[in-house]
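> Dumping the structure here so I can ask a few things about it.
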Amino acid sequence: MTTVLDELRQSLHGCMQESEQVIFLGEDVLDPYGGAFKAARGLSTAYPARVITTPVSEAGIVGIGVGMALRGLRPVVEIMFGDFLTLAADQLINHAAKLRWMSNDQVQVPLVVRTPMGGRRGYGPTHSQTLEKHFLGVPGLRVVAVCDLDDPGGLLRSAIMEDDDPVLFVEHKLLYPAAVQSLHDLGEFDGHRSGTRYPVYSIRVVGAPNPVLTLAAYGHMTDLARKALLRLAYEHEIFGELVIFTQLSPVDPAPLLESVSRTRRLLTVEEASVAAGWGAELVAIAAERFGPDLRAGRVGARQMPVPAAGPLEEAVLPGVEDILRAALNLGVATSSR
Amino acid sequence: MTTVLDELRQSLHGCMQESEQVIFLGEDVLDPYGGAFKAARGLSTAYPARVITTPVSEAGIVGIGVGMALRGLRPVVEIMFGDFLTLAADQLINHAAKLRWMSNDQVQVPLVVRTPMGGRRGYGPTHSQTLEKHFLGVPGLRVVAVCDLDDPGGLLRSAIMEDDDPVLFVEHKLLYPAAVQSLHDLGEFDGHRSGTRYPVYSIRVVGAPNPVLTLAAYGHMTDLARKALLRLAYEHEIFGELVIFTQLSPVDPAPLLESVSRTRRLLTVEEASVAAGWGAELVAIAAERFGPDLRAGRVGARQMPVPAAGPLEEAVLPGVEDILRAALNLGVATSSR
Amino acid sequence: MPTSAADFELYRQMQRIRRFEETVLEAFPRGEFYGTTHTYVGQEANAVGVLSGIADGDVVVSNHRCHGHFLAYGGSMDALAAELMGRQTGVCGGRSGSQHIQWKDFYANGILGGTLPLAVGMALSEKRAGLGRVVIAFLGDGTLGEGITYESLNMAALWGLPVAFILEDNRYAQTTPLRLNLAGEMAGRFTAFGIPLVEADTTDVLEIQAIGEKAISHVRSGAGPFATILHTYRFAPHSKGDDTRDPAEVAHYRERDPLPLQGRRLDEATRRDVEKIVETEVEEAFRRAAGAPPADPSRLTEPLSGYA
Amino acid sequence: MPTSAADFELYRQMQRIRRFEETVLEAFPRGEFYGTTHTYVGQEANAVGVLSGIADGDVVVSNHRCHGHFLAYGGSMDALAAELMGRQTGVCGGRSGSQHIQWKDFYANGILGGTLPLAVGMALSEKRAGLGRVVIAFLGDGTLGEGITYESLNMAALWGLPVAFILEDNRYAQTTPLRLNLAGEMAGRFTAFGIPLVEADTTDVLEIQAIGEKAISHVRSGAGPFATILHTYRFAPHSKGDDTRDPAEVAHYRERDPLPLQGRRLDEATRRDVEKIVETEVEEAFRRAAGAPPADPSRLTEPLSGYA
Ligand SMILES: Cc1ncc(C[n+]2csc(CCOP(=O)(O)OP(=O)(O)O)c2C)c(N)n1
Ligand SMILES: Cc1ncc(C[n+]2csc(CCOP(=O)(O)OP(=O)(O)O)c2C)c(N)n1
Ligand SMILES: [Mg+2]
Ligand SMILES: [Mg+2]
């Protein structure tokens, strides 16, 4: 079994090998530790001159990444917990994202900032958040989230090697130990890939009739959404299509609209609270397009910080049951065979 | 004529007078300067011991405000340009917003962070932004925006004196010199107020038939939306209702849904690019509720930084024409008398 | 020589922290806890020494490594154990977990450095209130990497605020040794802002107590902020299993263990008594916590007091 | 004594900045510009002195007060005037305006302090590239308030990077005098990180040139970062009409105007020539800018290179 973490780690090795321009920096990233979530394990041993452990200076190291990128390197900055991105918000929004455009396209900023997000590890309110929603919609900043499907390493490689703009690359903590799922071997599902650099996947239950519902999700939530898809099919005879995004911002409307054009029902699933989040953007895009022919819903966390205690955390974060309930609330008629 | 700036300034004076607990701090806020946009003019002369000019430390001063609030004061922190809120993002999101809830409601954080936002002053990409969208949906943080209607000073007073939770209080730069409009004396419009602490206003053209379109806006955009409302009525015989929010987050769905339940058409207007912004949340709320009986659209800036040069800035930021075009695109039938 | 009450109490406090933390570390792998933790084993003399000098109403600002500070502050061991175990009876009802403890005038948070401007703001409030209260703010060596630390030092000094910064230099930030994190001199980080300081490389709680008293009396006198740099060492991993330090180095510092150092000031029988009392207290605390009801989702409140 | 070519050139450079900025200040109230600006009047000797020592490919990191740095760097006066006037021919096609100039190896930005980690990152790149290039980073006294400044100093020193920090202390941040912003000593803010420095209170471009050469040769030699603290003064308001300083104080510093100081080193006729040449150059620059096409919205590009 290959895990998402294995793939990301191998991808980092591959990029370092592929190009001398790739520099990796972050807090506590040296071997034998290799970073708090071990994505860098082995990297400093293999490339001692290009792996830099840094002081605890999140804003500073993102800014240093921007500076390196301006001078032609391809830096990869690890932020230990996504919760600390708040400290680098100015560097991302006012520097990384703007420099290329503001210079009249004279320079570019091929920077990748990687960070783990998400809860269900009991780390408490400042180490469990899903904060990427606050970085969506920044002109000039791409937000990408890995999931357990297809080619997590390739996704990271695209961001590092092929993207000349800054990318915030989000990795949900629960994905690290998850097995990578091949699109051609999804067991109960058929999978399909579209798009190129940052693909969109669509997933249906094998042999199911035409879907009557579009679920949209990313990251770790794709796992919960798959479970919900199965239960909807088997327990309720409601057949859905799950559209999985890897690029969260800017949202490419085409694959979303394509699916919703067939189902006219959209349910978005995210781990953050839905307020002003990723799902809102998707629903708004769909509503603008399909107007009076759309039913829509959003699933996310309760509008609260993420508590530390297990039972509280479970109550606050969205689960499979929440997805099911919301899907049934959408008033989906049983699919007709 | 009383301007919005006059009212905000008087409100600050009033709050300082009303309570010794109110402390004002920010960069360059002492007289005779009184802050970059002059909201504090006269304040340090009247209350020298409670007006503190600070070093250029946006994160630090917001954190100091949090600390003071924890100890029972009611601090008001001015951030000179809203563009610099990125520097205080951690203090707002990981400290101010969480402390009350995280402590199991043992403490509270009655902090107000005031800041000017917005463009059309030619200040260029780092001094013209509308960044509040990145602070929407934070559990525990209220975002409020002033407009030129009714009682701007009262709105600020509510945030300072009556709200025991942290408030990000947004003031569009173009509002400062704008005349305050009394709800009872809106000339071509009838105005109506609902809600209490952070009101919602609804506005219609005097004598117009039942509205067939809901426009939703806040801040300076309410001015452009009013102009659009008139032109829609006079040039196109399309009669709309403009719903103006002062509390941007969390969004109170009731007044939005009330209006949309009548019109089934929603057009949101904001100065930032619409991607993952305030309008997305409103459209999503309406779409969730009205499903297959809603037409929706969003108006905002082009998805670009705000350029410095006048013609570029004008091309990037949304104008009255953009609102008109979007409204007409919603496929609104001429209102029936 | 009979044991002095002061020596007894200092030892008891340190022993409480030591045994509490050791119990946490033992219990973690058994799955009795959830999440993560950062223990204070080895640094006990700092919290106990410094906080023995605070008065009622003084504010303590702590960080991710807060259990020792909390217990020395006078926080309930029962409530701390319950918080770590996610019980309704926890300090914060299970919401905060290990890193975000809040009780009375004690505030901890898991964002490094982010607590320091709060400490400065609280010191500003206390200076205005004029009740002679002071703020004690703990930070680690690694936290000298965060910019907000310097914004805080500057304003504390500029405005002459009653805040004592207690820098606990345990020579590592997580796995990173000081030399890979810190350019120049540690003391300069305070003197650059005109903040006077005392620096000591000791695990003797009596020495630290004296330093703490000096710091607290300085800030309480209205003379502005003061810093202490306490060079120390943690014996346990940064959080749970993540120790990459040379075991010989750990062993070397273990020789300066603050507990036996202070323990030797007690007569043998008294020391044993203390250890027994503490053993029982810690056992009871975890037993009671284990028996307490789990945190109850139905008690979750909204994070804002209302829409309007 | 005939005027040396070096003296001539230094004076010419300073005069170009002076007359450019004065023209901006005159023209602003007439509505010929849009937005805001921060002029360099009074500080010319710093940019001209320091940047006379850079080599091709060296990087200059500037801030909101960037016109002087840009002209001394060798930036086109025509393009700068056009940028301020929002013309298509502006340095950044009208997108950046006064504060965000980017051209060749010159980078400015309007977020105080935010440019400093970029400077450190660029120095890291240049150190790796091994071409002997260095980074010159300007900052103002007020920017010592920002935490990111210290994160940057720490990493620059820790990694021994070729970056020279040029602190221009003009005694004010906007309207706030140093004493209300800064605790302790300015020099300590660098020495705390082990960064050597030279401090000077002078408006003599020759002295500043010598200091700049020292700084640049230090960083170019691979000896790590270096700082210079140049105490100076601005004669004009912070941006446009916002001057709250005592006019007597401004007048006092005007006596140390760097231009006459250097002008006296030129023989009278040469000095007049320089002034005439510059006058024409500045007039032409603004005339050409005024005649250039306004920035063209149809040339706006997407901020990302593509969706996928
Ligand atoms: C802003 C922020 N960055 C990074 C971390 C992750 N982290 C937790 S503890 C730690 C090391 C802290 O070192 P130090 O300040 O010396 O305290 P110590 O753990 O040694 O007591 C790090 C990097 C964090 N909690 N907050
Ligand atoms: C992050 C940030 N905060 C505040 C400002 C507003 N501002 C612009 S210039 C200035 C004063 C800067 O002082 P200093 O660094 O001494 O430079 P000077 O203007 O004196 O050259 C301030 C506060 C800003 N541009 N960026
Ligand atoms: Mg440490
Ligand atoms: Mg200055």
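How things are named: the first chain in the structure tokens is A, the next is B, and so on; residues count from 1 in each chain; ligands count from 1 in the order shown.
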Give one line per residue of segment 82-198 of chain A that approaches segment 79-83 of chain B to at most 12 Å, naming the two atoms of the closest pair and their distance in Å to one decimal, counting only C-alpha atoms; sort by chain then ascending residue number and deliver it as a tab-separated table.

```
residue	atom	partner	partner_atom	distance
A:Ala89	CA	B:Asp83	CA	10.9
A:Asp90	CA	B:Asp83	CA	8.7
A:Gln91	CA	B:Asp83	CA	11.8
A:Ile93	CA	B:Asp83	CA	9.3
A:Asn94	CA	B:Asp83	CA	7.9
A:His95	CA	B:Asp83	CA	11.6
```
> Quick check for you: according to DSSP on this backbone, which residues of segment 146-226 of chain A are classed as strand (DSSP E or B)? Reply as an mmCIF file with N, CA and C atoms, in the first residue's frame.

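Dumped everything to result_21.cif:
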```
data_model
loop_
_atom_site.group_PDB
_atom_site.id
_atom_site.type_symbol
_atom_site.label_atom_id
_atom_site.label_comp_id
_atom_site.auth_asym_id
_atom_site.auth_seq_id
_atom_site.Cartn_x
_atom_site.Cartn_y
_atom_site.Cartn_z
ATOM 1 N N LEU A 149 -6.925 10.315 -4.132
ATOM 2 C CA LEU A 149 -7.157 9.675 -5.423
ATOM 3 C C LEU A 149 -5.994 9.836 -6.384
ATOM 4 N N VAL A 167 1.343 28.928 -5.180
ATOM 5 C CA VAL A 167 0.329 27.918 -4.875
ATOM 6 C C VAL A 167 0.332 27.649 -3.374
ATOM 7 N N LEU A 168 -0.842 27.745 -2.788
ATOM 8 C CA LEU A 168 -1.023 27.270 -1.416
ATOM 9 C C LEU A 168 -1.521 25.843 -1.539
ATOM 10 N N PHE A 169 -0.724 24.911 -1.051
ATOM 11 C CA PHE A 169 -0.998 23.490 -1.270
ATOM 12 C C PHE A 169 -1.435 22.870 0.057
ATOM 13 N N VAL A 170 -2.684 22.478 0.125
ATOM 14 C CA VAL A 170 -3.299 22.052 1.379
ATOM 15 C C VAL A 170 -3.361 20.529 1.463
ATOM 16 N N GLU A 171 -2.926 20.011 2.590
ATOM 17 C CA GLU A 171 -2.917 18.559 2.807
ATOM 18 C C GLU A 171 -3.644 18.253 4.106
ATOM 19 N N HIS A 172 -4.764 17.603 4.024
ATOM 20 C CA HIS A 172 -5.467 17.267 5.277
ATOM 21 C C HIS A 172 -4.672 16.207 6.029
ATOM 22 N N ALA A 179 -4.447 5.293 2.136
ATOM 23 C CA ALA A 179 -3.938 4.612 0.941
ATOM 24 C C ALA A 179 -4.354 5.383 -0.308
ATOM 25 N N GLN A 181 -5.729 5.787 -3.821
ATOM 26 C CA GLN A 181 -6.697 5.004 -4.588
ATOM 27 C C GLN A 181 -6.473 5.242 -6.074
ATOM 28 N N PHE A 189 -16.668 1.998 -7.067
ATOM 29 C CA PHE A 189 -16.877 3.225 -7.836
ATOM 30 C C PHE A 189 -16.223 3.169 -9.207
ATOM 31 N N ASP A 190 -16.812 3.909 -10.126
ATOM 32 C CA ASP A 190 -16.124 4.262 -11.372
ATOM 33 C C ASP A 190 -15.598 5.672 -11.221
ATOM 34 N N GLY A 191 -14.369 5.895 -11.646
ATOM 35 C CA GLY A 191 -13.796 7.236 -11.533
ATOM 36 C C GLY A 191 -13.400 7.774 -12.892
ATOM 37 N N HIS A 192 -13.421 9.051 -13.003
ATOM 38 C CA HIS A 192 -13.087 9.704 -14.258
ATOM 39 C C HIS A 192 -12.323 10.973 -13.943
ATOM 40 N N ARG A 193 -11.330 11.275 -14.761
ATOM 41 C CA ARG A 193 -10.472 12.419 -14.505
ATOM 42 C C ARG A 193 -10.603 13.426 -15.631
ATOM 43 N N SER A 194 -10.693 14.689 -15.309
ATOM 44 C CA SER A 194 -10.646 15.696 -16.364
ATOM 45 C C SER A 194 -9.725 16.816 -15.932
ATOM 46 N N VAL A 200 -9.841 17.476 -12.005
ATOM 47 C CA VAL A 200 -11.126 17.309 -11.353
ATOM 48 C C VAL A 200 -11.506 15.849 -11.573
ATOM 49 N N TYR A 201 -11.974 15.202 -10.509
ATOM 50 C CA TYR A 201 -12.374 13.807 -10.634
ATOM 51 C C TYR A 201 -13.875 13.703 -10.493
ATOM 52 N N SER A 202 -14.465 12.760 -11.217
ATOM 53 C CA SER A 202 -15.862 12.490 -10.900
ATOM 54 C C SER A 202 -16.020 10.998 -10.672
ATOM 55 N N ILE A 203 -16.855 10.698 -9.734
ATOM 56 C CA ILE A 203 -16.959 9.350 -9.189
ATOM 57 C C ILE A 203 -18.429 8.967 -9.108
ATOM 58 N N ARG A 204 -18.724 7.760 -9.554
ATOM 59 C CA ARG A 204 -20.088 7.246 -9.387
ATOM 60 C C ARG A 204 -20.047 5.810 -8.905
ATOM 61 N N VAL A 205 -21.124 5.379 -8.304
ATOM 62 C CA VAL A 205 -21.228 3.981 -7.899
ATOM 63 C C VAL A 205 -21.310 3.132 -9.163
ATOM 64 N N LEU A 213 -27.931 13.797 -8.405
ATOM 65 C CA LEU A 213 -27.385 14.674 -7.376
ATOM 66 C C LEU A 213 -25.887 14.819 -7.593
ATOM 67 N N THR A 214 -25.413 16.048 -7.521
ATOM 68 C CA THR A 214 -23.969 16.282 -7.573
ATOM 69 C C THR A 214 -23.468 16.583 -6.168
ATOM 70 N N LEU A 215 -22.519 15.778 -5.712
ATOM 71 C CA LEU A 215 -21.803 16.111 -4.478
ATOM 72 C C LEU A 215 -20.479 16.734 -4.905
ATOM 73 N N ALA A 216 -20.076 17.815 -4.257
ATOM 74 C CA ALA A 216 -18.771 18.403 -4.560
ATOM 75 C C ALA A 216 -17.950 18.423 -3.292
ATOM 76 N N ALA A 217 -16.710 18.002 -3.393
ATOM 77 C CA ALA A 217 -15.869 17.922 -2.192
ATOM 78 C C ALA A 217 -14.411 18.012 -2.590
#
```
> At a cut-off of 6 Å and counting only C-alpha atoms and all ligand atoms, what residues surround ligand 1? Please answer as number ranges by chain.
A: 56, 84; C: 65, 110-112, 139-143, 170, 172-174
> Quick one: residues within 7 Å of Arg133 of chain C, only C-alpha atoms, excluding same-chain residues fewer than 2 positions away - as number ranges by chain?
C: 57-58, 126, 131, 220
> Determine, for each residue of chain D having at least one atom at most 7 Å from an atom of chain B, the closest pair of atoms and their separation in Å to one decimal, counting only C-alpha atoms; order by chain and ascending number, as a tab-separated table.

```
residue	atom	partner	partner_atom	distance
D:Tyr34	CA	B:Gly122	CA	5.4
D:Gly35	CA	B:Gly122	CA	3.8
D:Thr36	CA	B:Tyr123	CA	5.8
D:Gly86	CA	B:Ala309	CA	4.2
D:Gly94	CA	B:Ala309	CA	5.0
D:Arg95	CA	B:Pro307	CA	4.4
D:Ser96	CA	B:Ala308	CA	5.5
D:Gly97	CA	B:Ala308	CA	4.9
D:Gly110	CA	B:Thr126	CA	6.2
D:Ile111	CA	B:Thr126	CA	6.9
D:Gly142	CA	B:Val56	CA	6.2
D:Thr143	CA	B:Val56	CA	6.6
D:Gly145	CA	B:Val56	CA	4.7
D:Glu146	CA	B:Ser57	CA	4.9
D:Thr175	CA	B:Asp28	CA	6.0
D:Thr176	CA	B:Asp28	CA	5.9
D:Asn181	CA	B:Pro55	CA	4.5
D:Thr244	CA	B:Tyr33	CA	6.9
D:Ala295	CA	B:Pro311	CA	6.5
D:Asp296	CA	B:Leu312	CA	6.7
D:Pro297	CA	B:Leu312	CA	5.2
D:Glu302	CA	B:Met304	CA	6.8
D:Pro303	CA	B:Met304	CA	6.0
```
> For Pro253 of chain B, find every residue with an atom within 12 Å (counting only C-alpha atoms), except residues of its own chain fewer than 2 positions away, and show them as a PyMOL selection string.
(chain A and resi 275) or (chain B and resi 195+200+216+243+245+247-251+255-261+281-289) or (chain C and resi 307)
> Residues of chain C that approach chain D to 10 Å or less, counting only C-alpha atoms: could you list each one with the shortest pair of atoms and its distance in Å to one decimal, rows by chain and increasing residue number, as a Markdown table?

```
| residue | atom | partner | partner_atom | distance |
| --- | --- | --- | --- | --- |
| C:Leu144 | CA | D:Glu151 | CA | 8.7 |
| C:Gly145 | CA | D:Glu151 | CA | 6.1 |
| C:Glu146 | CA | D:Glu151 | CA | 6.4 |
| C:Gly147 | CA | D:Gly147 | CA | 3.6 |
| C:Ile148 | CA | D:Gly147 | CA | 5.1 |
| C:Thr149 | CA | D:Gly147 | CA | 7.2 |
| C:Tyr150 | CA | D:Gly147 | CA | 5.8 |
| C:Glu151 | CA | D:Gly147 | CA | 5.4 |
| C:Ser152 | CA | D:Gly147 | CA | 8.8 |
| C:Leu153 | CA | D:Ala183 | CA | 8.6 |
| C:Asn154 | CA | D:Ala183 | CA | 5.5 |
| C:Met155 | CA | D:Ala183 | CA | 7.3 |
| C:Ala156 | CA | D:Ala183 | CA | 8.6 |
| C:Ala157 | CA | D:Ala183 | CA | 5.8 |
| C:Leu158 | CA | D:Ala183 | CA | 4.7 |
| C:Trp159 | CA | D:Ala183 | CA | 8.5 |
| C:Gly160 | CA | D:Ala183 | CA | 9.5 |
| C:Arg179 | CA | D:Leu158 | CA | 8.4 |
| C:Leu180 | CA | D:Leu158 | CA | 7.4 |
| C:Asn181 | CA | D:Leu158 | CA | 7.3 |
| C:Leu182 | CA | D:Leu158 | CA | 6.5 |
| C:Ala183 | CA | D:Leu158 | CA | 4.7 |
| C:Gly184 | CA | D:Gly194 | CA | 4.1 |
| C:Glu185 | CA | D:Ala192 | CA | 5.8 |
| C:Met186 | CA | D:Ala192 | CA | 7.4 |
| C:Ala187 | CA | D:Ala192 | CA | 7.6 |
| C:Gly188 | CA | D:Ala192 | CA | 4.3 |
| C:Arg189 | CA | D:Ala192 | CA | 5.3 |
| C:Phe190 | CA | D:Ala192 | CA | 8.3 |
| C:Thr191 | CA | D:Gly188 | CA | 7.2 |
| C:Ala192 | CA | D:Gly188 | CA | 4.3 |
| C:Phe193 | CA | D:Gly184 | CA | 4.1 |
| C:Gly194 | CA | D:Gly184 | CA | 4.1 |
| C:Ile195 | CA | D:Gly184 | CA | 7.6 |
```
> Please report, as a CSV table (one decimal) with N, CA, C and O atoms, in the first residue's frame, each residue of segment 162-233 of chain D to which DSSP assigns helix (DSSP H, G or I) when run on this structure's backbone.

```
chain,number,residue,atom,x,y,z
D,178,LEU,N,10.3,59.5,16.6
D,178,LEU,CA,11.0,58.3,17.0
D,178,LEU,C,10.7,57.9,18.5
D,178,LEU,O,10.4,56.8,18.8
D,179,ARG,N,10.7,58.9,19.3
D,179,ARG,CA,10.6,58.6,20.8
D,179,ARG,C,9.3,58.0,21.1
D,179,ARG,O,9.1,57.4,22.2
D,180,LEU,N,8.3,58.2,20.3
D,180,LEU,CA,7.0,57.6,20.6
D,180,LEU,C,6.8,56.2,19.9
D,180,LEU,O,5.8,55.5,20.0
D,188,GLY,N,21.0,48.5,18.7
D,188,GLY,CA,20.8,47.2,19.3
D,188,GLY,C,19.9,46.3,18.5
D,188,GLY,O,20.0,45.1,18.6
D,189,ARG,N,19.1,46.9,17.7
D,189,ARG,CA,18.1,46.1,16.9
D,189,ARG,C,18.9,45.2,15.9
D,189,ARG,O,18.3,44.3,15.4
D,190,PHE,N,20.1,45.6,15.6
D,190,PHE,CA,20.9,44.8,14.7
D,190,PHE,C,21.9,44.0,15.4
D,190,PHE,O,22.1,42.8,15.1
D,191,THR,N,22.6,44.6,16.4
D,191,THR,CA,23.6,43.8,17.1
D,191,THR,C,23.0,42.6,17.9
D,191,THR,O,23.7,41.6,18.1
D,205,VAL,N,27.2,63.2,1.0
D,205,VAL,CA,27.1,62.1,0.2
D,205,VAL,C,28.4,61.3,0.1
D,205,VAL,O,28.5,60.1,-0.1
D,206,LEU,N,29.5,62.0,0.3
D,206,LEU,CA,30.8,61.4,0.2
D,206,LEU,C,31.0,60.4,1.4
D,206,LEU,O,31.5,59.3,1.3
D,207,GLU,N,30.6,60.9,2.6
D,207,GLU,CA,30.7,60.1,3.8
D,207,GLU,C,29.8,58.9,3.6
D,207,GLU,O,30.1,57.7,3.9
D,208,ILE,N,28.6,59.1,3.1
D,208,ILE,CA,27.6,58.0,3.0
D,208,ILE,C,28.1,57.0,1.9
D,208,ILE,O,28.0,55.8,2.1
D,209,GLN,N,28.7,57.6,0.9
D,209,GLN,CA,29.3,56.7,-0.2
D,209,GLN,C,30.4,55.7,0.5
D,209,GLN,O,30.4,54.5,0.2
D,210,ALA,N,31.2,56.3,1.3
D,210,ALA,CA,32.2,55.5,2.0
D,210,ALA,C,31.6,54.4,2.9
D,210,ALA,O,32.0,53.3,2.9
D,211,ILE,N,30.6,54.8,3.6
D,211,ILE,CA,29.9,53.9,4.4
D,211,ILE,C,29.2,52.8,3.6
D,211,ILE,O,29.3,51.6,3.9
D,212,GLY,N,28.6,53.2,2.5
D,212,GLY,CA,27.9,52.2,1.6
D,212,GLY,C,28.9,51.3,1.0
D,212,GLY,O,28.7,50.1,1.0
D,213,GLU,N,30.1,51.8,0.7
D,213,GLU,CA,31.1,50.9,0.1
D,213,GLU,C,31.6,49.8,1.2
D,213,GLU,O,31.8,48.7,0.8
D,214,LYS,N,31.7,50.3,2.4
D,214,LYS,CA,32.1,49.4,3.5
D,214,LYS,C,31.0,48.3,3.6
D,214,LYS,O,31.3,47.1,3.7
D,215,ALA,N,29.7,48.7,3.6
D,215,ALA,CA,28.6,47.8,3.8
D,215,ALA,C,28.6,46.8,2.6
D,215,ALA,O,28.5,45.6,2.8
D,216,ILE,N,28.7,47.3,1.4
D,216,ILE,CA,28.7,46.4,0.2
D,216,ILE,C,29.9,45.5,0.2
D,216,ILE,O,29.7,44.3,-0.2
D,217,SER,N,31.0,46.0,0.5
D,217,SER,CA,32.2,45.1,0.4
D,217,SER,C,32.1,44.0,1.5
D,217,SER,O,32.5,42.9,1.2
D,218,HIS,N,31.6,44.4,2.6
D,218,HIS,CA,31.4,43.4,3.7
D,218,HIS,C,30.5,42.3,3.2
D,218,HIS,O,30.8,41.1,3.3
D,219,VAL,N,29.3,42.7,2.7
D,219,VAL,CA,28.4,41.6,2.3
D,219,VAL,C,28.9,40.9,1.0
D,219,VAL,O,28.7,39.7,0.9
D,220,ARG,N,29.5,41.6,0.1
D,220,ARG,CA,30.0,40.9,-1.1
D,220,ARG,C,31.1,39.9,-0.7
D,220,ARG,O,31.3,38.9,-1.4
```
> With only C-alpha atoms and all ligand atoms as the atoms that count, which of C:Leu230, C:Val91, C:Val59, C:Leu304 lies nearest to ligand 3?
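Smallest distance to ligand 3 is found for C:Leu230.
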